[in-house]
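Asker: Take this structure first; my questions come after.
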Amino acid sequence: MVFLCADTHGLKDIDKVVRFFEYKCRYNELTKDDYLIILGDSGICWDDSIQDNEVRRIYRSLPVTTLFIDGNHDNHQLLAEYPVTIWYGGKVHEIDDGIIHLMRGQIYDIAGETYFTFGGAWSVDQDDRVEGISWWPEELPSEEELEEARRNLEKVDYQVDYVLTHTGPSDILEQMGYQIFDGGEKLMEFFEDLQFRLDFRDWYFGHMHEDQHIENWHCIMEDIVEIITFE
Ligand SMILES: [Fe+2]
């Protein structure tokens, strides 16, 4: 089974995950071959402090393996310190036992379905944050990451089952009722291109801290979504 959630923010919003699995375990036998994927802002790598350890302890104690893409409120420089390995067809950082960072522009084959991942987002609140402490310029993608994504997508003829990102394309955010600010254009242009070129079943994202579904676009916050797998 594959479950998706978003924006758990360290210990702040982790309870929704803990409660969900307490409930789910009453009815389903879950193992480390089942997955929770967090769509950014997990706080699993924040400042390498006691709090990070506690966050990781909680994810380790879940019955499933925890996977996450990075958001904007994640320490990208700390993530980059971990060695890169290959997991189910894509590059990852293995952060801890059963806790894996899914890197940008990768395609993973999980339980017979393909997932394209691309974390990161522009922080509207970056003026209130301190670079290297609570904000990192790597929240936005490099040219290399964008190029790697395009190369990997070409290999699968721009066809995947699911797209997992932290934020969504600007016109979807507009349809959700948000005003679009300048900033993060590079990522938005990339998403706009994907939106029309990519053949996908569903696109999931977080970042806006609300649950809203427009056709096959899904912004999640409180919801924990179960992906129906066919294996
Ligand atoms: Fe967030």
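Labeling convention for the structure tokens: chains A, B, ... as they appear, residues from 1 per chain, ligands from 1 in order of appearance.
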Contacts of A:Gln51 at 8 Å or less, counting only C-alpha atoms, minus same-chain residues fewer than 4 places along, as a list in words?

Answerer: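 So, after excluding close chain neighbours, the residues are Gly10, Leu11 and Val55 of chain A.
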
Asker: Name each residue within 6 Å of ligand 1, counting only C-alpha atoms and all ligand atoms, as a ChimeraX atom specification.

Answerer: /A:7,41,207

Asker: What gap, in Å, lies between atom CA of A:Leu173 and atom CA of A:Val2?

Answerer: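 Calculated distance between atom CA of A:Leu173 and atom CA of A:Val2 is 25.2 Å.
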
Asker: Hey, can you check how far atom CA of A:Val64 sits from atom CA of A:Gln159?

Answerer: 27.3 Å

Asker: Near A:Cys219, counting only C-alpha atoms, which residues have an atom at most 8 Å away, once you skip same-chain residues fewer than 5 positions from it, shown as a PyMOL selection string?

Answerer: chain A and resi 168+204-208+210-213

Asker: Mind dumping the selected residues with N, CA and C atoms as a PDB file, in the first residue's frame?

Answerer:
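Output contents, as saved in out05.pdb:
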ATOM      1  N   GLY A 168       2.088  23.290  -6.592  1.00  0.00           N
ATOM      2  CA  GLY A 168       1.449  22.933  -7.860  1.00  0.00           C
ATOM      3  C   GLY A 168       1.693  24.006  -8.906  1.00  0.00           C
ATOM      4  N   TYR A 204      -0.306  15.043  -7.215  1.00  0.00           N
ATOM      5  CA  TYR A 204      -0.515  15.379  -5.797  1.00  0.00           C
ATOM      6  C   TYR A 204       0.512  16.407  -5.345  1.00  0.00           C
ATOM      7  N   PHE A 205       0.067  17.352  -4.543  1.00  0.00           N
ATOM      8  CA  PHE A 205       0.995  18.326  -3.965  1.00  0.00           C
ATOM      9  C   PHE A 205       0.460  18.815  -2.616  1.00  0.00           C
ATOM     10  N   GLY A 206       1.300  19.581  -1.917  1.00  0.00           N
ATOM     11  CA  GLY A 206       0.909  20.111  -0.600  1.00  0.00           C
ATOM     12  C   GLY A 206       1.101  21.617  -0.614  1.00  0.00           C
ATOM     13  N   HIS A 207       1.884  22.117   0.330  1.00  0.00           N
ATOM     14  CA  HIS A 207       2.358  23.504   0.357  1.00  0.00           C
ATOM     15  C   HIS A 207       1.295  24.540   0.709  1.00  0.00           C
ATOM     16  N   MET A 208       0.042  24.377   0.245  1.00  0.00           N
ATOM     17  CA  MET A 208      -0.960  25.400   0.487  1.00  0.00           C
ATOM     18  C   MET A 208      -1.695  25.169   1.813  1.00  0.00           C
ATOM     19  N   GLU A 210      -4.019  23.061   2.716  1.00  0.00           N
ATOM     20  CA  GLU A 210      -5.465  22.811   2.667  1.00  0.00           C
ATOM     21  C   GLU A 210      -5.720  21.595   1.776  1.00  0.00           C
ATOM     22  N   ASP A 211      -6.921  21.046   1.892  1.00  0.00           N
ATOM     23  CA  ASP A 211      -7.296  19.908   1.052  1.00  0.00           C
ATOM     24  C   ASP A 211      -8.258  20.404  -0.013  1.00  0.00           C
ATOM     25  N   GLN A 212      -7.831  20.272  -1.260  1.00  0.00           N
ATOM     26  CA  GLN A 212      -8.710  20.704  -2.351  1.00  0.00           C
ATOM     27  C   GLN A 212      -8.401  19.846  -3.580  1.00  0.00           C
ATOM     28  N   HIS A 213      -9.451  19.407  -4.244  1.00  0.00           N
ATOM     29  CA  HIS A 213      -9.271  18.518  -5.396  1.00  0.00           C
ATOM     30  C   HIS A 213      -9.952  19.132  -6.610  1.00  0.00           C
TER      31      HIS A 213
END

Asker: Hey, can you check how far atom CA of A:Tyr35 sits from atom CA of A:Glu138?

Answerer: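 Pair atom CA of A:Tyr35 / atom CA of A:Glu138 returns 26.2 Å.
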
Asker: With only C-alpha atoms as the atoms that count, which of A:Arg104, A:Ile58, A:Ile133, A:Trp217 lies nearest to A:Asp15?

Answerer: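 Of the candidates, the smallest distance to A:Asp15 is held by A:Ile58.
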
Asker: Select from stretch 52-129 of chain A everything DSSP, run on the backbone, classes as helix (DSSP H, G or I), then give the selection as JSON, numbers by chain.

Answerer: {"A": [52, 53, 54, 55, 56, 57, 58, 59, 60, 61, 76, 77, 78, 79, 126, 127, 128]}

Asker: Can you pull out the residues contacting A:Leu198? Cut-off 6 Å, using only C-alpha atoms, and skip same-chain residues under 3 positions away; I want them as a PyMOL selection string.

Answerer: chain A and resi 158-159+194-195

Asker: Using only C-alpha atoms, determine which residues lie at most 7 Å from A:Arg201, disregarding the query and same-chain residues fewer than 6 positions distant; provide the list as a tab-separated table (two decimals) with N, CA and C atoms, in the first residue's frame.

Answerer:
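Final output, saved to selection.tsv:
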chain	number	residue	atom	x	y	z
A	161	ASP	N	2.53	7.32	-13.85
A	161	ASP	CA	1.22	7.16	-13.21
A	161	ASP	C	0.92	8.37	-12.31
A	162	TYR	N	1.90	8.72	-11.46
A	162	TYR	CA	1.64	9.80	-10.50
A	162	TYR	C	2.76	10.84	-10.52
A	216	ASN	N	-7.98	15.85	-11.64
A	216	ASN	CA	-6.94	14.95	-11.13
A	216	ASN	C	-5.77	15.68	-10.46

Asker: In terms of the shortest atom-to-atom distance over only C-alpha atoms, which of A:Met221, A:Leu30, A:Ile227, A:Leu164 is closest to A:Trp203?

Answerer: A:Leu164

Asker: Using only C-alpha atoms, which of A:Ile107, A:Trp136, A:Ser123, A:His166 sits nearest A:Ser42?

Answerer: A:His166

Asker: Could you give me, as a list in words, each residue of stretch 73-118 of chain A that DSSP assigns to strand (DSSP E or B) when run on this structure's backbone?

Answerer: Val84, Thr85, Ile86, Trp87, Gly90, Lys91, Val92, His93, Glu94, Ile95, Asp96, Ile99, Ile100, His101, Leu102, Gln106, Ile107, Tyr108, Asp109, Ile110, Glu113, Thr114, Tyr115, Phe116, Thr117 and Phe118 of chain A

Asker: Can you write just those residues out, C-alpha atoms, as an mmCIF file, in the first residue's frame?

Answerer:
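Dumped to selection_10.cif:
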data_model
loop_
_atom_site.group_PDB
_atom_site.id
_atom_site.type_symbol
_atom_site.label_atom_id
_atom_site.label_comp_id
_atom_site.auth_asym_id
_atom_site.auth_seq_id
_atom_site.Cartn_x
_atom_site.Cartn_y
_atom_site.Cartn_z
ATOM 1 C CA VAL A 84 23.162 9.315 -3.172
ATOM 2 C CA THR A 85 22.019 5.774 -3.861
ATOM 3 C CA ILE A 86 19.532 4.211 -6.280
ATOM 4 C CA TRP A 87 16.202 2.948 -4.973
ATOM 5 C CA GLY A 90 15.608 6.676 -8.970
ATOM 6 C CA LYS A 91 18.187 8.557 -6.906
ATOM 7 C CA VAL A 92 17.596 8.856 -3.158
ATOM 8 C CA HIS A 93 19.220 9.971 0.078
ATOM 9 C CA GLU A 94 18.792 7.355 2.777
ATOM 10 C CA ILE A 95 18.392 9.444 5.907
ATOM 11 C CA ASP A 96 17.748 6.771 8.499
ATOM 12 C CA ILE A 99 13.383 6.995 6.040
ATOM 13 C CA ILE A 100 14.274 7.909 2.458
ATOM 14 C CA HIS A 101 14.430 11.229 0.615
ATOM 15 C CA LEU A 102 13.111 10.997 -2.962
ATOM 16 C CA GLN A 106 13.411 11.041 -10.483
ATOM 17 C CA ILE A 107 10.987 8.316 -11.518
ATOM 18 C CA TYR A 108 10.441 5.418 -9.112
ATOM 19 C CA ASP A 109 8.632 2.186 -9.780
ATOM 20 C CA ILE A 110 6.792 1.458 -6.538
ATOM 21 C CA GLU A 113 3.336 2.086 -10.662
ATOM 22 C CA THR A 114 5.546 4.977 -11.620
ATOM 23 C CA TYR A 115 5.983 8.128 -9.554
ATOM 24 C CA PHE A 116 7.709 11.252 -10.823
ATOM 25 C CA THR A 117 9.002 13.414 -7.975
ATOM 26 C CA PHE A 118 10.072 17.023 -7.893
#

Asker: Using only C-alpha atoms, which protein or nucleic acid residues come within 8 Å of A:Asp74? Drop anything in the same chain fewer than 6 positions from it, and give the result as a PyMOL selection string.

Answerer: chain A and resi 40-46+135+139

Asker: Give me the residues within 12 Å of A:Gln126 as a list in words, counting only C-alpha atoms and dropping any in the same chain fewer than 2 places off.

Answerer: Asn72, His73, Ala121, Trp122, Ser123, Val124, Asp128, Arg129, Val130, Glu131, Gly132, Ile133, Ser134, Trp135, Trp136, Pro137, Glu139, Gly183 and Gly184 of chain A
